[in-house]
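Undergrad: Sending over a structure as structure tokens; questions will come in a sec.
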Protein chains: 2
Amino acid sequence: METYSATVAYKGVAFCGFARQPGLCTVQGELEHALELLFRRPVDTVCAGRTDAGVHARGQVVSFEVGEDELRERSLDSLCKSLNALTHDDISVLELALRPAGFSARFSATMREYRYFISTQGTPPLFMRDFCWHVPRPLDAAAMQEAANLLVGEHDFKSFCLAVSAEGKRTFRYVDQVIVEPVEVLGEQLLCVRVVGNAFLHSMVRTMVGTLVAVGRGLRDAAWVGEVLAACDRQAAGETAPAYGLVFWEVTY
Amino acid sequence: METYSATVAYKGVAFCGFARQPGLCTVQGELEHALELLFRRPVDTVCAGRTDAGVHARGQVVSFEVGEDELRERSLDSLCKSLNALTHDDISVLELALRPAGFSARFSATMREYRYFISTQGTPPLFMRDFCWHVPRPLDAAAMQEAANLLVGEHDFKSFCLAVSAEGKRTFRYVDQVIVEPVEVLGEQLLCVRVVGNAFLHSMVRTMVGTLVAVGRGLRDAAWVGEVLAACDRQAAGETAPAYGLVFWEVTY
């Protein structure tokens with residue numbers, strides 16, 4: 001058997017998250033259904049990061065195993081076209097690649113990047129409506145960056161994990177970068193929070209963003225984020241930012 | 001009576017174009033209906049550029065006249081919120097401003113900018129699907145820029161005007177800039193054609209883009225665009241690029 005990876009983009013709104021669930025439209029369900037049609041047997045997939053319902057992906061990576069004979073001389077390019085034809089319109093398989101033996105989209109990943117988009121303009125965003133959180137108030141980006149710097153490094157991120165998912169699990173993670181920067185997309189001014197790290201807990205990026213926005217609004221000062229980390233309690237952190245502002249951007253192997 | 005302007009963004013897909021048409025959902029129809037509800041009388045509007053069905057706007061400008069007493073001490077900010085509440089979700093009134101007497105969104109405009117987005121990737125674009133033309137072939141941007149340079153200046157653009165609209169009309173226009181440049185939007189690589197000029201004929205930008213794409217694909221060489229201009233005949237030019245790739249970007253007064 002050979003190991004292949006698919007780089008996959010999707011709009012979150014159409015799916016009940018990434019992970020397969022009986023009777024629901026999910027990204028994994030769509031991909032595995034298409035692979036089963038192509039290879040005439042069930043094909044299990046492993047992903048770099050499970051995304052919740054509503055979360056988008058630009059560079060999700062999914063790995064699976066197929067025998068060389070099963071390709072029946074089809075090129076990866078032609079397989080990629082078939083996967084796109086057989087999956088939901090809001091999924092785009094960007095690239096297929098042959099990987100070394102033992103490759104896992106999940107365990108071989110060394111770095112993951114998420115980007116979260118926020119619109120602070122008075123009127124609701126238009127072109128970017130489906131891809132950003134509308135917070136119609138001025139946000140202090142410098143204070144948010146100061147707070148974000150406290151999240152960089154290896155920490156116990158239990159305060160930033162959905163409480164029920166954290167129970168009895170190791171909640172230490174390494175965050176390499178958190179950058180708060182203005183971006184312009186189709187003429188709309190947005191604030192982008194880029195988070196790069198080795199791995200993430202359930203809803204960790206969205207809780208980080210919700211917490212940073214509390215600082216940006218002046219409800220809390222930057223140092224508060226240090227207290228949130230130290231508390232190791234989800235109740236200490238800010239709100240969970242909505243799913244539709246989050247894009248799973250890129251995975252490094 | 002005082003003259004006011006509204007800066008308006010809209011997604012083109014929901015509307016049968018800008019111009020009011022009985023029984024159809026149009027941007028002007030939506031705006032004038034909202035103004036009539038607010039001021040309890042019909043209010044005529046003038047726009048900087050009528051856009052066809054499907055064309056988007058980021059910075060359309062619309063002017064109208066209202067007496068100071070009709071505002072009944074409401075601020076422009078509160079009027080702007082009311083207009084947003086009373087119009088279609090895919091229209092966003094970004095700003096209202098008081099203008100000098102005699103101002104016309106149409107006749108006072110000195111420069112107009114349109115941007116056209118093209119995706120050349122193999123798989124259909126995902127996040128930008130509603131805002132770009134998918135041409136799944138490599139395009140020679142340098143050849144397109146060379147051709148675009150021939151369109152700059154004052155010319156008879158009859159070849160670039162919807163034939164029936166050009167009949168018996170003066171078809172000279174001044175084009176200040178045509179820039180072909182790669183842009184990245186939400187991680188998707190696009191080619192953007194920026195066109196700046198004093199005024200435009202019916203479907204002029206879309207015909208320019210369709211013609212430049214023929215050059216980019218290598219079907220024609222750059223010099224051909226000079227012949228198209230000289231022909232003064234719509235049949236000489238390339239196809240009309242689809243409406244949904246075009247954004248009416250900005251107006252200068």
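Identifiers in the structure tokens: chain A, B, ... in order shown; residue index from 1 per chain; ligand index from 1 in order shown.
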Please give the complete set of residues from region 55-88 of chain B that DSSP, run on the backbone, assigns to alpha helix (DSSP H), formatted as a JSON list (two decimals) with N, CA, C and O atoms, in the first residue's frame.
TA:
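Saved to selection-v7.json:
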```
[["chain", "number", "residue", "atom", "x", "y", "z"],
["B", 76, "LEU", "N", -26.60, 61.93, 10.11],
["B", 76, "LEU", "CA", -26.34, 61.12, 8.91],
["B", 76, "LEU", "C", -26.02, 59.68, 9.30],
["B", 76, "LEU", "O", -26.36, 58.73, 8.59],
["B", 77, "ASP", "N", -25.37, 59.52, 10.45],
["B", 77, "ASP", "CA", -25.03, 58.19, 10.93],
["B", 77, "ASP", "C", -26.29, 57.37, 11.22],
["B", 77, "ASP", "O", -26.36, 56.18, 10.86],
["B", 78, "SER", "N", -27.27, 57.99, 11.83],
["B", 78, "SER", "CA", -28.51, 57.27, 12.14],
["B", 78, "SER", "C", -29.31, 56.99, 10.86],
["B", 78, "SER", "O", -29.91, 55.93, 10.71],
["B", 79, "LEU", "N", -29.27, 57.95, 9.91],
["B", 79, "LEU", "CA", -29.93, 57.72, 8.61],
["B", 79, "LEU", "C", -29.29, 56.55, 7.88],
["B", 79, "LEU", "O", -29.97, 55.73, 7.24],
["B", 80, "CYS", "N", -27.97, 56.46, 7.96],
["B", 80, "CYS", "CA", -27.22, 55.39, 7.31],
["B", 80, "CYS", "C", -27.66, 54.03, 7.87],
["B", 80, "CYS", "O", -27.92, 53.09, 7.13],
["B", 81, "LYS", "N", -27.77, 53.96, 9.18],
["B", 81, "LYS", "CA", -28.23, 52.72, 9.84],
["B", 81, "LYS", "C", -29.65, 52.37, 9.37],
["B", 81, "LYS", "O", -29.95, 51.21, 9.10],
["B", 82, "SER", "N", -30.53, 53.39, 9.27],
["B", 82, "SER", "CA", -31.91, 53.14, 8.82],
["B", 82, "SER", "C", -31.92, 52.60, 7.39],
["B", 82, "SER", "O", -32.66, 51.67, 7.07],
["B", 83, "LEU", "N", -31.09, 53.21, 6.52],
["B", 83, "LEU", "CA", -31.03, 52.73, 5.12],
["B", 83, "LEU", "C", -30.58, 51.28, 5.07],
["B", 83, "LEU", "O", -31.12, 50.47, 4.31],
["B", 84, "ASN", "N", -29.59, 50.93, 5.89],
["B", 84, "ASN", "CA", -29.13, 49.54, 5.91],
["B", 84, "ASN", "C", -30.22, 48.59, 6.40],
["B", 84, "ASN", "O", -30.37, 47.48, 5.90],
["B", 85, "ALA", "N", -30.98, 49.06, 7.39],
["B", 85, "ALA", "CA", -32.04, 48.20, 7.94],
["B", 85, "ALA", "C", -33.16, 48.00, 6.93],
["B", 85, "ALA", "O", -33.81, 46.97, 6.90],
["B", 86, "LEU", "N", -33.38, 49.00, 6.06],
["B", 86, "LEU", "CA", -34.52, 48.97, 5.14],
["B", 86, "LEU", "C", -34.19, 48.39, 3.76],
["B", 86, "LEU", "O", -35.08, 48.22, 2.94]]
```
Undergrad: What would you get as a PDB file with C-alpha atoms, in the first residue's frame if chain B were moved onto chain A by least squares over all of its C-alpha atoms in order?
TA:
```pdb
ATOM      1  CA  MET B   1      -0.015   0.020   0.010  1.00  0.00           C
ATOM      2  CA  GLU B   2       1.156   3.551  -0.762  1.00  0.00           C
ATOM      3  CA  THR B   3       0.316   6.618   1.326  1.00  0.00           C
ATOM      4  CA  TYR B   4      -1.205   9.622  -0.420  1.00  0.00           C
ATOM      5  CA  SER B   5      -2.176  13.044   0.861  1.00  0.00           C
ATOM      6  CA  ALA B   6      -4.878  15.385  -0.376  1.00  0.00           C
ATOM      7  CA  THR B   7      -4.692  19.127   0.282  1.00  0.00           C
ATOM      8  CA  VAL B   8      -8.282  20.219   0.740  1.00  0.00           C
ATOM      9  CA  ALA B   9     -10.075  23.568   0.991  1.00  0.00           C
ATOM     10  CA  TYR B  10     -13.689  23.906   2.090  1.00  0.00           C
ATOM     11  CA  LYS B  11     -16.284  26.457   3.091  1.00  0.00           C
ATOM     12  CA  GLY B  12     -17.425  25.533   6.577  1.00  0.00           C
ATOM     13  CA  VAL B  13     -21.042  26.615   6.351  1.00  0.00           C
ATOM     14  CA  ALA B  14     -22.232  23.587   4.366  1.00  0.00           C
ATOM     15  CA  PHE B  15     -20.851  20.959   6.747  1.00  0.00           C
ATOM     16  CA  CYS B  16     -21.457  19.565  10.225  1.00  0.00           C
ATOM     17  CA  GLY B  17     -17.708  19.794  10.782  1.00  0.00           C
ATOM     18  CA  PHE B  18     -14.873  17.680   9.400  1.00  0.00           C
ATOM     19  CA  ALA B  19     -15.337  14.394  11.237  1.00  0.00           C
ATOM     20  CA  ARG B  20     -17.574  11.705   9.721  1.00  0.00           C
ATOM     21  CA  GLN B  21     -20.955  11.381  11.482  1.00  0.00           C
ATOM     22  CA  PRO B  22     -23.698   8.987  10.375  1.00  0.00           C
ATOM     23  CA  GLY B  23     -26.491  10.731   8.465  1.00  0.00           C
ATOM     24  CA  LEU B  24     -24.818  14.166   8.473  1.00  0.00           C
ATOM     25  CA  CYS B  25     -22.992  16.035   5.707  1.00  0.00           C
ATOM     26  CA  THR B  26     -19.352  16.269   6.816  1.00  0.00           C
ATOM     27  CA  VAL B  27     -16.098  16.885   4.941  1.00  0.00           C
ATOM     28  CA  GLN B  28     -14.627  13.511   5.894  1.00  0.00           C
ATOM     29  CA  GLY B  29     -17.892  11.794   4.963  1.00  0.00           C
ATOM     30  CA  GLU B  30     -17.834  13.442   1.517  1.00  0.00           C
ATOM     31  CA  LEU B  31     -14.168  12.576   0.897  1.00  0.00           C
ATOM     32  CA  GLU B  32     -14.475   8.960   2.060  1.00  0.00           C
ATOM     33  CA  HIS B  33     -17.647   8.456   0.019  1.00  0.00           C
ATOM     34  CA  ALA B  34     -15.825   9.725  -3.110  1.00  0.00           C
ATOM     35  CA  LEU B  35     -12.780   7.527  -2.373  1.00  0.00           C
ATOM     36  CA  GLU B  36     -15.057   4.514  -1.924  1.00  0.00           C
ATOM     37  CA  LEU B  37     -16.702   5.176  -5.298  1.00  0.00           C
ATOM     38  CA  LEU B  38     -13.280   5.487  -6.965  1.00  0.00           C
ATOM     39  CA  PHE B  39     -11.624   2.456  -5.342  1.00  0.00           C
ATOM     40  CA  ARG B  40     -14.697   0.250  -4.852  1.00  0.00           C
ATOM     41  CA  ARG B  41     -13.910  -0.369  -1.193  1.00  0.00           C
ATOM     42  CA  PRO B  42     -14.019   1.710   2.027  1.00  0.00           C
ATOM     43  CA  VAL B  43     -10.935   3.965   2.365  1.00  0.00           C
ATOM     44  CA  ASP B  44     -10.140   5.401   5.797  1.00  0.00           C
ATOM     45  CA  THR B  45      -8.753   8.916   6.000  1.00  0.00           C
ATOM     46  CA  VAL B  46      -6.740  10.771   8.650  1.00  0.00           C
ATOM     47  CA  CYS B  47      -6.726  14.581   8.786  1.00  0.00           C
ATOM     48  CA  ALA B  48      -4.218  17.143  10.073  1.00  0.00           C
ATOM     49  CA  GLY B  49      -6.833  18.854  12.246  1.00  0.00           C
ATOM     50  CA  ARG B  50     -10.493  18.162  12.858  1.00  0.00           C
ATOM     51  CA  THR B  51     -12.459  21.359  12.322  1.00  0.00           C
ATOM     52  CA  ASP B  52     -15.788  22.142  13.984  1.00  0.00           C
ATOM     53  CA  ALA B  53     -19.035  22.863  12.130  1.00  0.00           C
ATOM     54  CA  GLY B  54     -18.739  26.177  10.297  1.00  0.00           C
ATOM     55  CA  VAL B  55     -14.929  26.393  10.329  1.00  0.00           C
ATOM     56  CA  HIS B  56     -13.352  26.841   6.878  1.00  0.00           C
ATOM     57  CA  ALA B  57     -10.148  25.340   5.517  1.00  0.00           C
ATOM     58  CA  ARG B  58      -7.728  26.584   2.924  1.00  0.00           C
ATOM     59  CA  GLY B  59      -5.036  23.937   3.468  1.00  0.00           C
ATOM     60  CA  GLN B  60      -6.452  20.959   5.387  1.00  0.00           C
ATOM     61  CA  VAL B  61      -4.395  17.834   4.692  1.00  0.00           C
ATOM     62  CA  VAL B  62      -5.896  14.344   4.590  1.00  0.00           C
ATOM     63  CA  SER B  63      -3.938  11.104   4.214  1.00  0.00           C
ATOM     64  CA  PHE B  64      -5.088   7.649   3.087  1.00  0.00           C
ATOM     65  CA  GLU B  65      -3.619   4.393   1.803  1.00  0.00           C
ATOM     66  CA  VAL B  66      -4.214   2.898  -1.602  1.00  0.00           C
ATOM     67  CA  GLY B  67      -2.338   0.142  -3.464  1.00  0.00           C
ATOM     68  CA  GLU B  68      -0.474   1.160  -6.614  1.00  0.00           C
ATOM     69  CA  ASP B  69      -2.510  -1.382  -8.612  1.00  0.00           C
ATOM     70  CA  GLU B  70      -5.730   0.239  -7.389  1.00  0.00           C
ATOM     71  CA  LEU B  71      -4.826   3.429  -9.264  1.00  0.00           C
ATOM     72  CA  ARG B  72      -5.127   1.482 -12.536  1.00  0.00           C
ATOM     73  CA  GLU B  73      -2.663   3.841 -14.249  1.00  0.00           C
ATOM     74  CA  ARG B  74      -4.694   6.949 -13.487  1.00  0.00           C
ATOM     75  CA  SER B  75      -2.492   9.972 -12.789  1.00  0.00           C
ATOM     76  CA  LEU B  76      -2.818  11.858  -9.480  1.00  0.00           C
ATOM     77  CA  ASP B  77      -4.050  14.819 -11.506  1.00  0.00           C
ATOM     78  CA  SER B  78      -6.915  12.814 -12.983  1.00  0.00           C
ATOM     79  CA  LEU B  79      -7.734  11.326  -9.547  1.00  0.00           C
ATOM     80  CA  CYS B  80      -7.850  14.857  -8.133  1.00  0.00           C
ATOM     81  CA  LYS B  81     -10.358  15.899 -10.817  1.00  0.00           C
ATOM     82  CA  SER B  82     -12.483  12.805 -10.040  1.00  0.00           C
ATOM     83  CA  LEU B  83     -12.486  13.611  -6.309  1.00  0.00           C
ATOM     84  CA  ASN B  84     -13.629  17.160  -7.068  1.00  0.00           C
ATOM     85  CA  ALA B  85     -16.383  15.881  -9.334  1.00  0.00           C
ATOM     86  CA  LEU B  86     -17.604  13.405  -6.695  1.00  0.00           C
ATOM     87  CA  THR B  87     -17.592  15.715  -3.649  1.00  0.00           C
ATOM     88  CA  HIS B  88     -19.756  18.638  -2.518  1.00  0.00           C
ATOM     89  CA  ASP B  89     -19.229  21.932  -4.436  1.00  0.00           C
ATOM     90  CA  ASP B  90     -17.974  23.590  -1.267  1.00  0.00           C
ATOM     91  CA  ILE B  91     -15.021  21.168  -1.057  1.00  0.00           C
ATOM     92  CA  SER B  92     -12.041  21.703  -3.344  1.00  0.00           C
ATOM     93  CA  VAL B  93      -9.293  19.091  -3.544  1.00  0.00           C
ATOM     94  CA  LEU B  94      -6.320  21.238  -4.518  1.00  0.00           C
ATOM     95  CA  GLU B  95      -3.574  18.634  -4.823  1.00  0.00           C
ATOM     96  CA  LEU B  96      -2.810  14.947  -4.386  1.00  0.00           C
ATOM     97  CA  ALA B  97       0.708  13.785  -3.507  1.00  0.00           C
ATOM     98  CA  LEU B  98       2.503  10.491  -2.917  1.00  0.00           C
ATOM     99  CA  ARG B  99       4.033  10.466   0.590  1.00  0.00           C
ATOM    100  CA  PRO B 100       6.769   8.328   2.169  1.00  0.00           C
ATOM    101  CA  ALA B 101       5.714   5.116   3.926  1.00  0.00           C
ATOM    102  CA  GLY B 102       4.425   5.796   7.443  1.00  0.00           C
ATOM    103  CA  PHE B 103       3.247   9.332   6.642  1.00  0.00           C
ATOM    104  CA  SER B 104       0.214  10.486   8.624  1.00  0.00           C
ATOM    105  CA  ALA B 105      -1.554  13.788   7.932  1.00  0.00           C
ATOM    106  CA  ARG B 106      -2.054  13.990  11.708  1.00  0.00           C
ATOM    107  CA  PHE B 107       1.111  12.643  13.326  1.00  0.00           C
ATOM    108  CA  SER B 108       3.660  13.796  10.743  1.00  0.00           C
ATOM    109  CA  ALA B 109       2.534  17.444  10.967  1.00  0.00           C
ATOM    110  CA  THR B 110       5.151  19.684  12.611  1.00  0.00           C
ATOM    111  CA  MET B 111       3.269  22.996  12.488  1.00  0.00           C
ATOM    112  CA  ARG B 112      -0.298  24.111  11.921  1.00  0.00           C
ATOM    113  CA  GLU B 113      -1.530  27.620  11.084  1.00  0.00           C
ATOM    114  CA  TYR B 114      -4.997  29.050  11.632  1.00  0.00           C
ATOM    115  CA  ARG B 115      -6.191  32.531  10.628  1.00  0.00           C
ATOM    116  CA  TYR B 116      -9.148  34.269  12.239  1.00  0.00           C
ATOM    117  CA  PHE B 117     -10.792  37.279  10.551  1.00  0.00           C
ATOM    118  CA  ILE B 118     -12.663  40.048  12.403  1.00  0.00           C
ATOM    119  CA  SER B 119     -14.565  42.979  10.887  1.00  0.00           C
ATOM    120  CA  THR B 120     -14.837  46.059  13.108  1.00  0.00           C
ATOM    121  CA  GLN B 121     -16.647  48.349  10.670  1.00  0.00           C
ATOM    122  CA  GLY B 122     -19.981  49.878  11.674  1.00  0.00           C
ATOM    123  CA  THR B 123     -22.005  48.228   8.932  1.00  0.00           C
ATOM    124  CA  PRO B 124     -21.919  44.445   8.527  1.00  0.00           C
ATOM    125  CA  PRO B 125     -19.224  43.192   6.131  1.00  0.00           C
ATOM    126  CA  LEU B 126     -20.545  42.281   2.708  1.00  0.00           C
ATOM    127  CA  PHE B 127     -18.077  40.365   0.531  1.00  0.00           C
ATOM    128  CA  MET B 128     -16.404  38.802   3.592  1.00  0.00           C
ATOM    129  CA  ARG B 129     -19.643  38.169   5.502  1.00  0.00           C
ATOM    130  CA  ASP B 130     -19.267  34.370   5.505  1.00  0.00           C
ATOM    131  CA  PHE B 131     -15.614  34.492   6.571  1.00  0.00           C
ATOM    132  CA  CYS B 132     -15.375  36.915   9.489  1.00  0.00           C
ATOM    133  CA  TRP B 133     -16.753  37.769  12.924  1.00  0.00           C
ATOM    134  CA  HIS B 134     -18.450  41.175  12.944  1.00  0.00           C
ATOM    135  CA  VAL B 135     -17.479  43.085  16.115  1.00  0.00           C
ATOM    136  CA  PRO B 136     -18.801  46.595  15.326  1.00  0.00           C
ATOM    137  CA  ARG B 137     -16.514  48.391  17.789  1.00  0.00           C
ATOM    138  CA  PRO B 138     -12.984  49.765  17.552  1.00  0.00           C
ATOM    139  CA  LEU B 139     -10.463  47.159  18.726  1.00  0.00           C
ATOM    140  CA  ASP B 140      -7.070  48.118  20.180  1.00  0.00           C
ATOM    141  CA  ALA B 141      -4.824  45.931  18.004  1.00  0.00           C
ATOM    142  CA  ALA B 142      -1.672  46.911  19.934  1.00  0.00           C
ATOM    143  CA  ALA B 143      -3.193  45.750  23.247  1.00  0.00           C
ATOM    144  CA  MET B 144      -4.347  42.550  21.550  1.00  0.00           C
ATOM    145  CA  GLN B 145      -0.817  41.909  20.248  1.00  0.00           C
ATOM    146  CA  GLU B 146       0.623  42.532  23.743  1.00  0.00           C
ATOM    147  CA  ALA B 147      -1.836  40.004  25.169  1.00  0.00           C
ATOM    148  CA  ALA B 148      -1.162  37.591  22.290  1.00  0.00           C
ATOM    149  CA  ASN B 149       2.558  37.580  23.103  1.00  0.00           C
ATOM    150  CA  LEU B 150       1.737  36.014  26.486  1.00  0.00           C
ATOM    151  CA  LEU B 151       0.258  32.993  24.672  1.00  0.00           C
ATOM    152  CA  VAL B 152       3.470  32.232  22.766  1.00  0.00           C
ATOM    153  CA  GLY B 153       5.588  29.361  24.080  1.00  0.00           C
ATOM    154  CA  GLU B 154       4.799  26.046  25.739  1.00  0.00           C
ATOM    155  CA  HIS B 155       1.919  26.378  28.182  1.00  0.00           C
ATOM    156  CA  ASP B 156      -0.922  24.421  29.709  1.00  0.00           C
ATOM    157  CA  PHE B 157      -3.789  25.701  27.538  1.00  0.00           C
ATOM    158  CA  LYS B 158      -6.529  24.028  29.602  1.00  0.00           C
ATOM    159  CA  SER B 159      -8.292  27.421  29.989  1.00  0.00           C
ATOM    160  CA  PHE B 160      -8.538  27.594  26.191  1.00  0.00           C
ATOM    161  CA  CYS B 161     -10.019  24.131  25.655  1.00  0.00           C
ATOM    162  CA  LEU B 162     -13.691  23.205  25.516  1.00  0.00           C
ATOM    163  CA  ALA B 163     -14.098  22.004  29.131  1.00  0.00           C
ATOM    164  CA  VAL B 164     -15.571  18.584  28.363  1.00  0.00           C
ATOM    165  CA  SER B 165     -12.816  17.836  25.823  1.00  0.00           C
ATOM    166  CA  ALA B 166     -10.032  18.702  28.291  1.00  0.00           C
ATOM    167  CA  GLU B 167     -11.015  16.221  30.997  1.00  0.00           C
ATOM    168  CA  GLY B 168      -8.214  13.840  31.858  1.00  0.00           C
ATOM    169  CA  LYS B 169      -6.130  14.854  28.825  1.00  0.00           C
ATOM    170  CA  ARG B 170      -2.697  16.383  28.536  1.00  0.00           C
ATOM    171  CA  THR B 171      -3.409  20.042  27.719  1.00  0.00           C
ATOM    172  CA  PHE B 172       0.128  21.372  27.177  1.00  0.00           C
ATOM    173  CA  ARG B 173       0.714  22.762  23.696  1.00  0.00           C
ATOM    174  CA  TYR B 174       3.448  24.795  21.999  1.00  0.00           C
ATOM    175  CA  VAL B 175       2.381  28.038  20.304  1.00  0.00           C
ATOM    176  CA  ASP B 176       5.024  29.430  17.971  1.00  0.00           C
ATOM    177  CA  GLN B 177       3.424  32.727  16.862  1.00  0.00           C
ATOM    178  CA  VAL B 178       0.302  34.815  17.447  1.00  0.00           C
ATOM    179  CA  ILE B 179       0.188  37.834  15.132  1.00  0.00           C
ATOM    180  CA  VAL B 180      -2.593  40.444  15.186  1.00  0.00           C
ATOM    181  CA  GLU B 181      -2.510  42.434  11.940  1.00  0.00           C
ATOM    182  CA  PRO B 182      -4.819  44.526   9.742  1.00  0.00           C
ATOM    183  CA  VAL B 183      -5.556  43.063   6.309  1.00  0.00           C
ATOM    184  CA  GLU B 184      -7.627  44.306   3.385  1.00  0.00           C
ATOM    185  CA  VAL B 185      -9.762  41.769   1.533  1.00  0.00           C
ATOM    186  CA  LEU B 186     -11.743  42.967  -1.521  1.00  0.00           C
ATOM    187  CA  GLY B 187     -11.563  46.494  -0.140  1.00  0.00           C
ATOM    188  CA  GLU B 188     -12.912  45.550   3.308  1.00  0.00           C
ATOM    189  CA  GLN B 189     -10.659  46.333   6.279  1.00  0.00           C
ATOM    190  CA  LEU B 190     -10.323  43.358   8.622  1.00  0.00           C
ATOM    191  CA  LEU B 191      -8.242  42.385  11.615  1.00  0.00           C
ATOM    192  CA  CYS B 192      -6.524  39.025  11.198  1.00  0.00           C
ATOM    193  CA  VAL B 193      -5.258  36.884  14.082  1.00  0.00           C
ATOM    194  CA  ARG B 194      -2.687  34.360  12.805  1.00  0.00           C
ATOM    195  CA  VAL B 195      -1.933  31.520  15.178  1.00  0.00           C
ATOM    196  CA  VAL B 196       0.877  29.037  14.472  1.00  0.00           C
ATOM    197  CA  GLY B 197       1.602  26.088  16.750  1.00  0.00           C
ATOM    198  CA  ASN B 198       2.478  22.406  16.776  1.00  0.00           C
ATOM    199  CA  ALA B 199      -0.993  21.204  17.749  1.00  0.00           C
ATOM    200  CA  PHE B 200      -4.224  22.635  19.132  1.00  0.00           C
ATOM    201  CA  LEU B 201      -6.872  21.665  21.669  1.00  0.00           C
ATOM    202  CA  HIS B 202     -10.605  21.628  20.898  1.00  0.00           C
ATOM    203  CA  SER B 203     -11.766  25.218  20.106  1.00  0.00           C
ATOM    204  CA  MET B 204      -8.398  26.567  21.337  1.00  0.00           C
ATOM    205  CA  VAL B 205      -7.922  29.156  18.561  1.00  0.00           C
ATOM    206  CA  ARG B 206     -11.512  30.415  18.837  1.00  0.00           C
ATOM    207  CA  THR B 207     -11.170  30.785  22.617  1.00  0.00           C
ATOM    208  CA  MET B 208      -7.855  32.597  22.172  1.00  0.00           C
ATOM    209  CA  VAL B 209      -9.532  35.007  19.733  1.00  0.00           C
ATOM    210  CA  GLY B 210     -12.560  35.574  22.006  1.00  0.00           C
ATOM    211  CA  THR B 211     -10.159  36.332  24.860  1.00  0.00           C
ATOM    212  CA  LEU B 212      -8.020  38.693  22.763  1.00  0.00           C
ATOM    213  CA  VAL B 213     -11.150  40.538  21.594  1.00  0.00           C
ATOM    214  CA  ALA B 214     -12.101  41.187  25.256  1.00  0.00           C
ATOM    215  CA  VAL B 215      -8.687  42.881  25.574  1.00  0.00           C
ATOM    216  CA  GLY B 216      -9.120  44.732  22.258  1.00  0.00           C
ATOM    217  CA  ARG B 217     -12.449  46.137  23.457  1.00  0.00           C
ATOM    218  CA  GLY B 218     -10.815  47.378  26.667  1.00  0.00           C
ATOM    219  CA  LEU B 219     -12.929  45.109  28.894  1.00  0.00           C
ATOM    220  CA  ARG B 220      -9.697  43.552  30.212  1.00  0.00           C
ATOM    221  CA  ASP B 221      -6.044  44.566  30.122  1.00  0.00           C
ATOM    222  CA  ALA B 222      -3.359  42.580  28.321  1.00  0.00           C
ATOM    223  CA  ALA B 223      -1.887  41.105  31.527  1.00  0.00           C
ATOM    224  CA  TRP B 224      -5.234  39.394  32.239  1.00  0.00           C
ATOM    225  CA  VAL B 225      -4.385  36.811  29.571  1.00  0.00           C
ATOM    226  CA  GLY B 226      -1.526  35.606  31.803  1.00  0.00           C
ATOM    227  CA  GLU B 227      -4.033  35.065  34.627  1.00  0.00           C
ATOM    228  CA  VAL B 228      -6.343  33.181  32.253  1.00  0.00           C
ATOM    229  CA  LEU B 229      -3.503  30.810  31.299  1.00  0.00           C
ATOM    230  CA  ALA B 230      -2.544  30.278  34.953  1.00  0.00           C
ATOM    231  CA  ALA B 231      -6.123  29.498  36.008  1.00  0.00           C
ATOM    232  CA  CYS B 232      -6.265  26.259  33.956  1.00  0.00           C
ATOM    233  CA  ASP B 233     -10.025  26.689  33.876  1.00  0.00           C
ATOM    234  CA  ARG B 234     -12.172  27.354  30.788  1.00  0.00           C
ATOM    235  CA  GLN B 235     -14.411  29.651  32.873  1.00  0.00           C
ATOM    236  CA  ALA B 236     -11.488  32.075  33.254  1.00  0.00           C
ATOM    237  CA  ALA B 237     -11.150  32.787  29.513  1.00  0.00           C
ATOM    238  CA  GLY B 238     -13.255  34.952  27.177  1.00  0.00           C
ATOM    239  CA  GLU B 239     -16.039  33.795  24.907  1.00  0.00           C
ATOM    240  CA  THR B 240     -15.512  31.312  22.063  1.00  0.00           C
ATOM    241  CA  ALA B 241     -15.343  33.341  18.846  1.00  0.00           C
ATOM    242  CA  PRO B 242     -17.815  32.115  16.189  1.00  0.00           C
ATOM    243  CA  ALA B 243     -16.750  29.284  13.893  1.00  0.00           C
ATOM    244  CA  TYR B 244     -17.311  31.109  10.570  1.00  0.00           C
ATOM    245  CA  GLY B 245     -14.419  33.567  11.189  1.00  0.00           C
ATOM    246  CA  LEU B 246     -11.838  30.769  11.369  1.00  0.00           C
ATOM    247  CA  VAL B 247      -9.827  29.337   8.478  1.00  0.00           C
ATOM    248  CA  PHE B 248      -7.508  26.316   8.912  1.00  0.00           C
ATOM    249  CA  TRP B 249      -4.775  27.866   6.795  1.00  0.00           C
ATOM    250  CA  GLU B 250      -1.768  25.594   6.368  1.00  0.00           C
ATOM    251  CA  VAL B 251       0.048  22.521   7.670  1.00  0.00           C
ATOM    252  CA  THR B 252       3.811  22.029   7.631  1.00  0.00           C
ATOM    253  CA  TYR B 253       5.409  18.557   7.467  1.00  0.00           C
TER     254      TYR B 253
END
```
